[in-house]
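Shown next: target_28.pdb, given as PDB, C-alpha atoms and all ligand atoms.
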ATOM      1  CA  MET N 230     -11.347 -15.105  -3.558
ATOM      2  CA  LYS N 231     -14.196 -14.352  -1.184
ATOM      3  CA  LEU N 232     -13.875 -10.998   0.569
ATOM      4  CA  PRO N 233     -15.583 -10.827   3.984
ATOM      5  CA  ILE N 234     -17.130  -7.446   3.108
ATOM      6  CA  ALA N 235     -17.700  -5.686  -0.214
ATOM      7  CA  ALA N 236     -14.620  -3.825  -1.457
ATOM      8  CA  ASP N 237     -16.775  -0.914  -2.592
ATOM      9  CA  SER N 238     -18.042  -0.485   0.975
ATOM     10  CA  VAL N 239     -14.536   0.828   1.745
ATOM     11  CA  LYS N 240     -13.348   4.210   0.461
ATOM     12  CA  GLY N 241     -10.320   3.898  -1.749
ATOM     13  CA  PHE N 242      -8.799   3.986  -5.181
ATOM     14  CA  LEU N 243      -7.960   0.337  -5.857
ATOM     15  CA  ASP N 244      -9.863  -1.043  -8.832
ATOM     16  CA  PRO N 245     -11.526  -4.501  -8.375
ATOM     17  CA  ALA N 246      -9.264  -6.139 -11.001
ATOM     18  CA  GLU N 247      -6.206  -4.657  -9.283
ATOM     19  CA  GLY N 248      -7.554  -5.870  -5.953
ATOM     20  CA  ALA N 249      -7.950  -9.413  -7.278
ATOM     21  CA  ALA N 250      -4.353  -9.334  -8.552
ATOM     22  CA  LEU N 251      -3.135  -7.996  -5.212
ATOM     23  CA  TYR N 252      -5.015 -10.792  -3.430
ATOM     24  CA  ALA N 253      -3.478 -13.453  -5.704
ATOM     25  CA  ALA N 254       0.017 -12.021  -5.267
ATOM     26  CA  ALA N 255      -0.239 -11.932  -1.484
ATOM     27  CA  ARG N 256      -1.890 -15.353  -1.327
ATOM     28  CA  SER N 257       1.036 -16.858  -3.276
ATOM     29  CA  VAL N 258       3.696 -15.671  -0.800
ATOM     30  CA  ALA N 259       1.782 -15.173   2.471
ATOM     31  CA  ALA N 260       3.216 -18.244   4.180
ATOM     32  CA  LEU N 261       6.822 -17.104   3.584
ATOM     33  CA  GLY N 262       6.656 -14.060   5.872
ATOM     34  CA  PRO N 263       4.590 -10.970   6.630
ATOM     35  CA  CYS N 264       3.329  -8.554   3.997
ATOM     36  CA  LEU N 265       3.685  -4.807   4.486
ATOM     37  CA  GLU N 266       1.655  -2.037   2.906
ATOM     38  CA  ILE N 267       2.658   1.615   2.742
ATOM     39  CA  GLY N 268      -0.449   3.777   2.587
ATOM     40  CA  SER N 269      -3.446   2.234   4.373
ATOM     41  CA  TYR N 270      -5.948   5.085   3.848
ATOM     42  CA  CYS N 271      -9.331   3.535   4.703
ATOM     43  CA  GLY N 272      -8.294  -0.084   4.246
ATOM     44  CA  ARG N 273      -9.568  -1.135   0.851
ATOM     45  CA  SER N 274      -6.276  -2.721  -0.230
ATOM     46  CA  ALA N 275      -5.730  -4.020   3.315
ATOM     47  CA  LEU N 276      -9.031  -5.852   2.844
ATOM     48  CA  TYR N 277      -7.577  -7.734  -0.154
ATOM     49  CA  LEU N 278      -4.178  -8.262   1.483
ATOM     50  CA  GLY N 279      -5.756  -9.293   4.767
ATOM     51  CA  THR N 280      -8.108 -11.772   3.129
ATOM     52  CA  ALA N 281      -5.149 -13.287   1.259
ATOM     53  CA  CYS N 282      -3.180 -13.576   4.495
ATOM     54  CA  ARG N 283      -6.178 -15.015   6.333
ATOM     55  CA  ASP N 284      -6.499 -17.658   3.589
ATOM     56  CA  GLY N 285      -2.737 -18.214   3.383
ATOM     57  CA  ALA N 286      -1.784 -18.218   7.069
ATOM     58  CA  GLY N 287       0.126 -14.931   6.829
ATOM     59  CA  HIS N 288       0.021 -11.471   8.357
ATOM     60  CA  VAL N 289      -0.154  -7.896   7.101
ATOM     61  CA  PHE N 290       1.356  -4.747   8.560
ATOM     62  CA  THR N 291      -0.110  -1.585   7.083
ATOM     63  CA  VAL N 292       1.704   1.708   7.646
ATOM     64  CA  ASP N 293       0.116   5.156   7.436
ATOM     65  CA  HIS N 294       0.298   8.420   9.367
ATOM     66  CA  HIS N 295      -3.429   8.698   8.578
ATOM     67  CA  SER N 296      -3.277  12.446   7.946
ATOM     68  CA  GLY N 297      -3.798  11.949   4.214
ATOM     69  CA  SER N 298      -1.516  12.560   1.258
ATOM     70  CA  GLU N 299      -1.226  15.895  -0.566
ATOM     71  CA  GLU N 300      -4.240  15.177  -2.768
ATOM     72  CA  HIS N 301      -6.454  14.453   0.259
ATOM     73  CA  GLN N 302      -5.939  17.860   1.849
ATOM     74  CA  PRO N 303      -8.667  20.563   1.762
ATOM     75  CA  GLY N 304      -8.885  22.221  -1.625
ATOM     76  CA  TRP N 305      -7.323  19.256  -3.457
ATOM     77  CA  ASP N 306      -9.032  16.876  -5.883
ATOM     78  CA  PHE N 307      -9.363  13.897  -3.549
ATOM     79  CA  HIS N 308     -10.297  15.724  -0.354
ATOM     80  CA  ASP N 309     -13.157  13.960   1.438
ATOM     81  CA  PRO N 310     -14.869  16.158   4.060
ATOM     82  CA  ALA N 311     -16.148  13.006   5.813
ATOM     83  CA  LEU N 312     -12.532  12.199   6.735
ATOM     84  CA  TRP N 313     -11.895  15.590   8.312
ATOM     85  CA  ASP N 314     -11.412  15.680  12.088
ATOM     86  CA  PRO N 315     -12.376  19.235  13.135
ATOM     87  CA  GLU N 316     -10.779  18.949  16.583
ATOM     88  CA  ALA N 317      -7.473  17.827  15.159
ATOM     89  CA  ASN N 318      -7.942  20.250  12.266
ATOM     90  CA  ALA N 319      -6.615  17.482  10.045
ATOM     91  CA  VAL N 320      -7.587  14.523   7.924
ATOM     92  CA  ASP N 321      -7.841  11.367  10.047
ATOM     93  CA  THR N 322      -8.416   8.059   8.276
ATOM     94  CA  LEU N 323      -7.482   5.797  11.202
ATOM     95  CA  PRO N 324     -11.028   5.404  12.616
ATOM     96  CA  VAL N 325     -12.238   4.335   9.172
ATOM     97  CA  LEU N 326      -9.411   1.822   8.768
ATOM     98  CA  ARG N 327     -10.231   0.344  12.173
ATOM     99  CA  ASP N 328     -13.913   0.152  11.230
ATOM    100  CA  THR N 329     -13.013  -1.629   7.981
ATOM    101  CA  LEU N 330     -10.895  -4.233   9.785
ATOM    102  CA  ARG N 331     -13.572  -4.724  12.442
ATOM    103  CA  ARG N 332     -16.340  -5.182   9.883
ATOM    104  CA  ALA N 333     -14.166  -7.588   7.894
ATOM    105  CA  GLY N 334     -13.120  -9.590  10.944
ATOM    106  CA  LEU N 335      -9.480  -9.069   9.993
ATOM    107  CA  GLU N 336      -8.205  -7.385  13.168
ATOM    108  CA  ASP N 337      -5.980 -10.377  14.002
ATOM    109  CA  VAL N 338      -4.599 -10.615  10.453
ATOM    110  CA  VAL N 339      -3.941  -6.943   9.670
ATOM    111  CA  THR N 340      -1.932  -4.855  12.137
ATOM    112  CA  PRO N 341      -2.028  -1.104  11.521
ATOM    113  CA  ILE N 342       1.145   0.832  12.236
ATOM    114  CA  VAL N 343       0.359   4.521  12.747
ATOM    115  CA  GLY N 344       3.311   6.618  11.714
ATOM    116  CA  ARG N 345       5.549   7.718   8.902
ATOM    117  CA  ALA N 346       6.908   4.911   6.744
ATOM    118  CA  GLU N 347      10.412   6.393   6.779
ATOM    119  CA  ILE N 348      10.514   6.318  10.584
ATOM    120  CA  VAL N 349       9.124   2.780  10.784
ATOM    121  CA  ALA N 350      11.732   1.728   8.201
ATOM    122  CA  ARG N 351      14.566   2.790  10.527
ATOM    123  CA  TYR N 352      13.603   0.066  12.973
ATOM    124  CA  TRP N 353      12.306  -2.602  10.600
ATOM    125  CA  ARG N 354      14.307  -5.861  10.592
ATOM    126  CA  THR N 355      11.889  -8.585   9.483
ATOM    127  CA  PRO N 356      12.161  -9.929   5.915
ATOM    128  CA  LEU N 357       8.909  -9.371   4.038
ATOM    129  CA  SER N 358       7.163 -11.670   1.579
ATOM    130  CA  LEU N 359       5.468  -8.696  -0.076
ATOM    131  CA  VAL N 360       5.858  -4.919   0.028
ATOM    132  CA  PHE N 361       3.018  -2.878  -1.446
ATOM    133  CA  ILE N 362       3.962   0.736  -2.177
ATOM    134  CA  ASP N 363       0.834   2.887  -2.348
ATOM    135  CA  GLY N 364       1.688   5.921  -0.239
ATOM    136  CA  SER N 365       2.291   9.516  -1.215
ATOM    137  CA  HIS N 366       2.956   9.976  -4.927
ATOM    138  CA  SER N 367       5.255  12.944  -4.499
ATOM    139  CA  GLY N 368       8.640  12.281  -6.063
ATOM    140  CA  GLU N 369      10.456  12.569  -2.777
ATOM    141  CA  ALA N 370       8.123  10.203  -0.916
ATOM    142  CA  ALA N 371       7.806   7.572  -3.649
ATOM    143  CA  HIS N 372      11.575   7.306  -4.177
ATOM    144  CA  ARG N 373      12.152   7.245  -0.419
ATOM    145  CA  ASP N 374       9.580   4.476   0.059
ATOM    146  CA  TYR N 375      11.318   2.483  -2.669
ATOM    147  CA  ASP N 376      14.811   3.118  -1.264
ATOM    148  CA  LEU N 377      13.894   2.248   2.307
ATOM    149  CA  TRP N 378      11.573  -0.706   1.764
ATOM    150  CA  HIS N 379      12.659  -2.668  -1.305
ATOM    151  CA  PRO N 380      15.693  -4.130   0.570
ATOM    152  CA  HIS N 381      13.258  -5.823   2.970
ATOM    153  CA  VAL N 382      11.638  -7.914   0.229
ATOM    154  CA  MET N 383      12.909 -11.459   0.704
ATOM    155  CA  GLN N 384      14.229 -13.573  -2.118
ATOM    156  CA  ALA N 385      11.265 -14.799  -4.229
ATOM    157  CA  GLY N 386       9.168 -12.182  -2.458
ATOM    158  CA  LEU N 387       7.134  -9.540  -4.271
ATOM    159  CA  LEU N 388       7.329  -5.778  -4.661
ATOM    160  CA  VAL N 389       3.975  -4.365  -5.731
ATOM    161  CA  ILE N 390       3.503  -0.771  -6.854
ATOM    162  CA  HIS N 391       0.191   0.996  -7.420
ATOM    163  CA  ASP N 392      -0.607   3.894  -9.759
ATOM    164  CA  VAL N 393       2.066   3.108 -12.339
ATOM    165  CA  PHE N 394       1.200   5.047 -15.491
ATOM    166  CA  PRO N 395       3.596   4.658 -18.427
ATOM    167  CA  ASP N 396       1.771   7.486 -20.232
ATOM    168  CA  PRO N 397       2.168  10.804 -18.341
ATOM    169  CA  ALA N 398      -1.298  11.808 -19.571
ATOM    170  CA  ASP N 399      -2.789   9.117 -17.298
ATOM    171  CA  GLY N 400      -1.177  10.134 -14.013
ATOM    172  CA  GLY N 401       1.832  11.251 -12.018
ATOM    173  CA  ARG N 402       5.372  10.030 -12.701
ATOM    174  CA  PRO N 403       6.923   8.945  -9.390
ATOM    175  CA  PRO N 404       5.271   5.480  -9.107
ATOM    176  CA  PHE N 405       6.311   4.771 -12.700
ATOM    177  CA  GLU N 406       9.830   6.019 -11.965
ATOM    178  CA  ILE N 407      10.324   3.665  -9.037
ATOM    179  CA  TYR N 408       8.896   0.782 -11.059
ATOM    180  CA  VAL N 409      11.541   1.452 -13.727
ATOM    181  CA  ARG N 410      14.235   1.738 -11.054
ATOM    182  CA  ALA N 411      13.221  -1.656  -9.625
ATOM    183  CA  LEU N 412      13.402  -3.307 -13.041
ATOM    184  CA  ASP N 413      16.691  -1.577 -13.913
ATOM    185  CA  SER N 414      18.254  -2.592 -10.600
ATOM    186  CA  GLY N 415      18.503  -6.191 -11.737
ATOM    187  CA  ARG N 416      17.032  -7.241  -8.385
ATOM    188  CA  PHE N 417      13.509  -7.727  -9.656
ATOM    189  CA  GLU N 418      11.823  -9.340 -12.619
ATOM    190  CA  GLN N 419       8.450  -8.425 -14.053
ATOM    191  CA  GLY N 420       5.530 -10.364 -12.641
ATOM    192  CA  GLY N 421       1.854  -9.565 -13.071
ATOM    193  CA  LEU N 422       0.556  -6.344 -14.538
ATOM    194  CA  VAL N 423      -3.074  -5.296 -14.102
ATOM    195  CA  LYS N 424      -4.211  -1.771 -14.951
ATOM    196  CA  SER N 425      -1.953   0.511 -12.863
ATOM    197  CA  LEU N 426      -0.749  -2.309 -10.573
ATOM    198  CA  ARG N 427       2.745  -3.755 -11.157
ATOM    199  CA  ILE N 428       4.016  -6.906  -9.484
ATOM    200  CA  LEU N 429       7.773  -7.476  -9.387
ATOM    201  CA  LYS N 430       9.486 -10.597  -8.124
ATOM    202  CA  ARG N 431      12.728 -10.411  -6.114
ATOM    203  CA  ILE N 432      15.347 -12.473  -7.887
TER     204      ILE N 432
HETATM  205 MG    MG N 501      -3.026   4.036  -5.052
END

As structure tokens - that is how I would like this structure written.
Amino acid sequence: MKLPIAADSVKGFLDPAEGAALYAAARSVAALGPCLEIGSYCGRSALYLGTACRDGAGHVFTVDHHSGSEEHQPGWDFHDPALWDPEANAVDTLPVLRDTLRRAGLEDVVTPIVGRAEIVARYWRTPLSLVFIDGSHSGEAAHRDYDLWHPHVMQAGLLVIHDVFPDPADGGRPPFEIYVRALDSGRFEQGGLVKSLRILKRI
């Protein structure tokens, strides 16, 4: 894997080992159909997914309303004042995502969709080779993302979930809960597992 720009030049929370696993997962299925990411933020994971799809003749759609999740809002742990748009009086990560894709030369491989994943899901019809759930970690949002998007994973396609922490002391529960739901559904089997990244294969 050779990323066009350094992963740590992009703000984000994906660890390099998780990124390498995400790249390998996407690279293995890219030719089967498009990949879709929920939660673009500044584009660090889109950099890995996009590079995999560039190398594997695929395409990535990355969905985000770009106003930040709960933890990115002022007063919260992961608030970044550099991402604050004073005129909008809101977090706005879209210009940074666009800058990431431009710098990486991935604008023709990664297509940002600006909006709420649950609204996009209403109109989505294309089978996906990979769905990466890395949006809001609130219980409501995580379960909704799982409910609305896992049916779009094609047979032999991959469902990838970030921030899965089996031990509650390490992080929030909802990503772990949807990972367990996917396994319990009988529709997915365990694939790769790197740090907090879980890869599930559609049976
Ligand atoms: Mg994450």

message = As a quick test: using all atoms listed in the file, which residues lie no more than 9 Å away from ligand MG 501 (chain N)? Give them as an NGL selection string.
response = :N and (241-243 or 268 or 274 or 362-366 or 390-393 or 425-426)

request  = Name the residues that the PyMOL selection byres (((chain N and resi 248-253) around 6) and not hetatm) picks from the file above, as a list in words, using the file's chain letters and numbers.
outcome  =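 When the PyMOL selection byres (((chain N and resi 248-253) around 6) and not hetatm) is applied to the shown file, the picked residues are Pro245, Ala246, Glu247, Ala254, Ala255, Arg256, Tyr277, Leu278 and Ala281 of chain N.
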
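The set of residues that the PyMOL selection byres (((chain N and resi 276) around 8) and not hetatm) takes from this file is N:Leu232, N:Ala236, N:Gly272, N:Arg273, N:Ser274, N:Ala275, N:Tyr277, N:Leu278, N:Gly279, N:Thr280, N:Thr329, N:Leu330, N:Ala333, N:Leu335.
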
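In this model, the gap between atom CA of Val360 of chain N and atom CA of Leu388 of chain N comes to 5.0 Å.
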
message = Applying the PyMOL selection byres (((chain N and resi 372) around 12) and not hetatm) to the file I just gave you, which residues come out? Please list them as an MDAnalysis selection string.
response = chainID N and resid 347 362:371 373:379 390 402:411

Two-atom distance - atom CA of Ala286 of chain N, atom CA of Val338 of chain N (Å) =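 Computing it gives 8.8 Å between the two atoms.
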
ask   = In Å, how far is it from atom CA of Thr322 of chain N to atom CA of Lys424 of chain N?
value =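 Straight-line distance from atom CA of Thr322 of chain N to atom CA of Lys424 of chain N works out to 25.6 Å.
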
Hey, could you pull the box centre and edge lengths for segment 340-357 of chain N, axis-aligned, 3 Å padding per side, all listed atoms, to one decimal in Å, as AutoDock Vina command-line options?
--center_x 6.3 --center_y -1.1 --center_z 8.5 --size_x 22.6 --size_y 23.6 --size_z 14.9

inquiry  = Can you pull out the residues contacting Gln302 of chain N? Cut-off 12 Å, using only C-alpha atoms, and skip same-chain residues under 2 positions away; I want them as an MDAnalysis selection string.
reply    = chainID N and resid 295:300 304:314 318:322

task = Neighbourhood query: residues within 7 Å of (0.8, -12.0, 6.6), file coordinates, counting all atoms listed in the file; return as JSON, numbers by chain.
result = {"N": [259, 262, 263, 264, 282, 286, 287, 288, 289, 338]}

Might you pull out every residue within 12 Å of Gln384 of chain N, with only C-alpha atoms counted and same-chain residues fewer than 4 positions away left off, and present them as an mmCIF file with C-alpha atoms, keeping the file's coordinate frame?
data_model
loop_
_atom_site.group_PDB
_atom_site.id
_atom_site.type_symbol
_atom_site.label_atom_id
_atom_site.label_comp_id
_atom_site.auth_asym_id
_atom_site.auth_seq_id
_atom_site.Cartn_x
_atom_site.Cartn_y
_atom_site.Cartn_z
ATOM 1 C CA VAL N 258 3.696 -15.671 -0.800
ATOM 2 C CA LEU N 261 6.822 -17.104 3.584
ATOM 3 C CA GLY N 262 6.656 -14.060 5.872
ATOM 4 C CA PRO N 356 12.161 -9.929 5.915
ATOM 5 C CA LEU N 357 8.909 -9.371 4.038
ATOM 6 C CA SER N 358 7.163 -11.670 1.579
ATOM 7 C CA LEU N 359 5.468 -8.696 -0.076
ATOM 8 C CA HIS N 379 12.659 -2.668 -1.305
ATOM 9 C CA PRO N 380 15.693 -4.130 0.570
ATOM 10 C CA LEU N 388 7.329 -5.778 -4.661
ATOM 11 C CA ARG N 416 17.032 -7.241 -8.385
ATOM 12 C CA PHE N 417 13.509 -7.727 -9.656
ATOM 13 C CA GLU N 418 11.823 -9.340 -12.619
ATOM 14 C CA LEU N 429 7.773 -7.476 -9.387
ATOM 15 C CA LYS N 430 9.486 -10.597 -8.124
ATOM 16 C CA ARG N 431 12.728 -10.411 -6.114
ATOM 17 C CA ILE N 432 15.347 -12.473 -7.887
#

request  = Would you mind listing what lies within 6 Å of Val343 of chain N as a ChimeraX atom specification, with all atoms listed in the file counted and same-chain residues fewer than 6 positions away left out?
outcome  = /N:292-294

Would you save the residues of that selection, restricted to C-alpha atoms, as a JSON list (two decimals), in the coordinates of the input?
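Final output, part_32.json:
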[["chain", "number", "residue", "atom", "x", "y", "z"],
["N", 292, "VAL", "CA", 1.70, 1.71, 7.65],
["N", 293, "ASP", "CA", 0.12, 5.16, 7.44],
["N", 294, "HIS", "CA", 0.30, 8.42, 9.37]]

task = Choose the residue, out of N:Gly344, N:Glu266, N:Val325, N:Arg331, that has the smallest atom-to-atom separation from Pro233 of chain N; count only C-alpha atoms.
result =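 Of the candidates, the smallest distance to Pro233 of chain N is held by N:Arg331.
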
Top pick for closest residue to Ile342 of chain N, considering N:Ala317, N:Leu412, N:Ile267, N:Ala235 and counting all atoms listed in the file =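 Under the stated criterion, the closest residue is N:Ile267.
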
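The smallest atom-to-atom distance between Val349 of chain N and any of N:Phe290, N:Asp413, N:Gln419, N:Asp244, using all atoms listed in the file, is found for N:Phe290.
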
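When only C-alpha atoms are used to measure the gap to Val339 of chain N, the shortest distance among N:Ile234, N:Leu387, N:Leu265, N:Val382 belongs to N:Leu265.
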
Please return segment 368-391 of chain N, rebuilt to N, CA and C atoms, as a PDB file, in the coordinates of the input.
ATOM      1  N   GLY N 368       7.392  12.905  -5.641  1.00  0.00           N
ATOM      2  CA  GLY N 368       8.640  12.281  -6.063  1.00  0.00           C
ATOM      3  C   GLY N 368       9.502  11.900  -4.881  1.00  0.00           C
ATOM      4  N   GLU N 369       9.605  12.819  -3.939  1.00  0.00           N
ATOM      5  CA  GLU N 369      10.456  12.569  -2.777  1.00  0.00           C
ATOM      6  C   GLU N 369       9.971  11.345  -1.995  1.00  0.00           C
ATOM      7  N   ALA N 370       8.666  11.296  -1.732  1.00  0.00           N
ATOM      8  CA  ALA N 370       8.123  10.203  -0.916  1.00  0.00           C
ATOM      9  C   ALA N 370       8.192   8.869  -1.644  1.00  0.00           C
ATOM     10  N   ALA N 371       7.836   8.846  -2.919  1.00  0.00           N
ATOM     11  CA  ALA N 371       7.806   7.572  -3.649  1.00  0.00           C
ATOM     12  C   ALA N 371       9.213   6.975  -3.746  1.00  0.00           C
ATOM     13  N   HIS N 372      10.205   7.811  -4.076  1.00  0.00           N
ATOM     14  CA  HIS N 372      11.575   7.306  -4.177  1.00  0.00           C
ATOM     15  C   HIS N 372      12.105   6.874  -2.808  1.00  0.00           C
ATOM     16  N   ARG N 373      11.719   7.613  -1.772  1.00  0.00           N
ATOM     17  CA  ARG N 373      12.152   7.245  -0.419  1.00  0.00           C
ATOM     18  C   ARG N 373      11.521   5.915   0.004  1.00  0.00           C
ATOM     19  N   ASP N 374      10.230   5.752  -0.285  1.00  0.00           N
ATOM     20  CA  ASP N 374       9.580   4.476   0.059  1.00  0.00           C
ATOM     21  C   ASP N 374      10.282   3.327  -0.659  1.00  0.00           C
ATOM     22  N   TYR N 375      10.608   3.533  -1.923  1.00  0.00           N
ATOM     23  CA  TYR N 375      11.318   2.483  -2.669  1.00  0.00           C
ATOM     24  C   TYR N 375      12.693   2.213  -2.048  1.00  0.00           C
ATOM     25  N   ASP N 376      13.449   3.278  -1.800  1.00  0.00           N
ATOM     26  CA  ASP N 376      14.811   3.118  -1.264  1.00  0.00           C
ATOM     27  C   ASP N 376      14.815   2.386   0.078  1.00  0.00           C
ATOM     28  N   LEU N 377      13.877   2.776   0.946  1.00  0.00           N
ATOM     29  CA  LEU N 377      13.894   2.248   2.307  1.00  0.00           C
ATOM     30  C   LEU N 377      13.284   0.859   2.432  1.00  0.00           C
ATOM     31  N   TRP N 378      12.323   0.533   1.562  1.00  0.00           N
ATOM     32  CA  TRP N 378      11.573  -0.706   1.764  1.00  0.00           C
ATOM     33  C   TRP N 378      11.921  -1.834   0.810  1.00  0.00           C
ATOM     34  N   HIS N 379      12.437  -1.529  -0.391  1.00  0.00           N
ATOM     35  CA  HIS N 379      12.659  -2.668  -1.305  1.00  0.00           C
ATOM     36  C   HIS N 379      13.721  -3.635  -0.764  1.00  0.00           C
ATOM     37  N   PRO N 380      14.715  -3.155   0.053  1.00  0.00           N
ATOM     38  CA  PRO N 380      15.693  -4.130   0.570  1.00  0.00           C
ATOM     39  C   PRO N 380      15.078  -5.165   1.521  1.00  0.00           C
ATOM     40  N   HIS N 381      13.886  -4.887   2.035  1.00  0.00           N
ATOM     41  CA  HIS N 381      13.258  -5.823   2.970  1.00  0.00           C
ATOM     42  C   HIS N 381      12.481  -6.939   2.267  1.00  0.00           C
ATOM     43  N   VAL N 382      12.346  -6.848   0.952  1.00  0.00           N
ATOM     44  CA  VAL N 382      11.638  -7.914   0.229  1.00  0.00           C
ATOM     45  C   VAL N 382      12.550  -9.136   0.167  1.00  0.00           C
ATOM     46  N   MET N 383      12.080 -10.238   0.682  1.00  0.00           N
ATOM     47  CA  MET N 383      12.909 -11.459   0.704  1.00  0.00           C
ATOM     48  C   MET N 383      13.046 -12.050  -0.699  1.00  0.00           C
ATOM     49  N   GLN N 384      14.035 -12.908  -0.838  1.00  0.00           N
ATOM     50  CA  GLN N 384      14.229 -13.573  -2.118  1.00  0.00           C
ATOM     51  C   GLN N 384      12.953 -14.343  -2.475  1.00  0.00           C
ATOM     52  N   ALA N 385      12.524 -14.214  -3.725  1.00  0.00           N
ATOM     53  CA  ALA N 385      11.265 -14.799  -4.229  1.00  0.00           C
ATOM     54  C   ALA N 385      10.036 -14.073  -3.683  1.00  0.00           C
ATOM     55  N   GLY N 386      10.268 -13.011  -2.918  1.00  0.00           N
ATOM     56  CA  GLY N 386       9.168 -12.182  -2.458  1.00  0.00           C
ATOM     57  C   GLY N 386       8.759 -11.195  -3.541  1.00  0.00           C
ATOM     58  N   LEU N 387       7.720 -10.414  -3.255  1.00  0.00           N
ATOM     59  CA  LEU N 387       7.134  -9.540  -4.271  1.00  0.00           C
ATOM     60  C   LEU N 387       7.159  -8.073  -3.852  1.00  0.00           C
ATOM     61  N   LEU N 388       7.471  -7.229  -4.818  1.00  0.00           N
ATOM     62  CA  LEU N 388       7.329  -5.778  -4.661  1.00  0.00           C
ATOM     63  C   LEU N 388       6.171  -5.368  -5.562  1.00  0.00           C
ATOM     64  N   VAL N 389       5.159  -4.748  -4.967  1.00  0.00           N
ATOM     65  CA  VAL N 389       3.975  -4.365  -5.731  1.00  0.00           C
ATOM     66  C   VAL N 389       3.830  -2.849  -5.655  1.00  0.00           C
ATOM     67  N   ILE N 390       3.605  -2.229  -6.791  1.00  0.00           N
ATOM     68  CA  ILE N 390       3.503  -0.771  -6.854  1.00  0.00           C
ATOM     69  C   ILE N 390       2.175  -0.397  -7.495  1.00  0.00           C
ATOM     70  N   HIS N 391       1.462   0.540  -6.868  1.00  0.00           N
ATOM     71  CA  HIS N 391       0.191   0.996  -7.420  1.00  0.00           C
ATOM     72  C   HIS N 391       0.358   2.342  -8.117  1.00  0.00           C
TER      73      HIS N 391
END
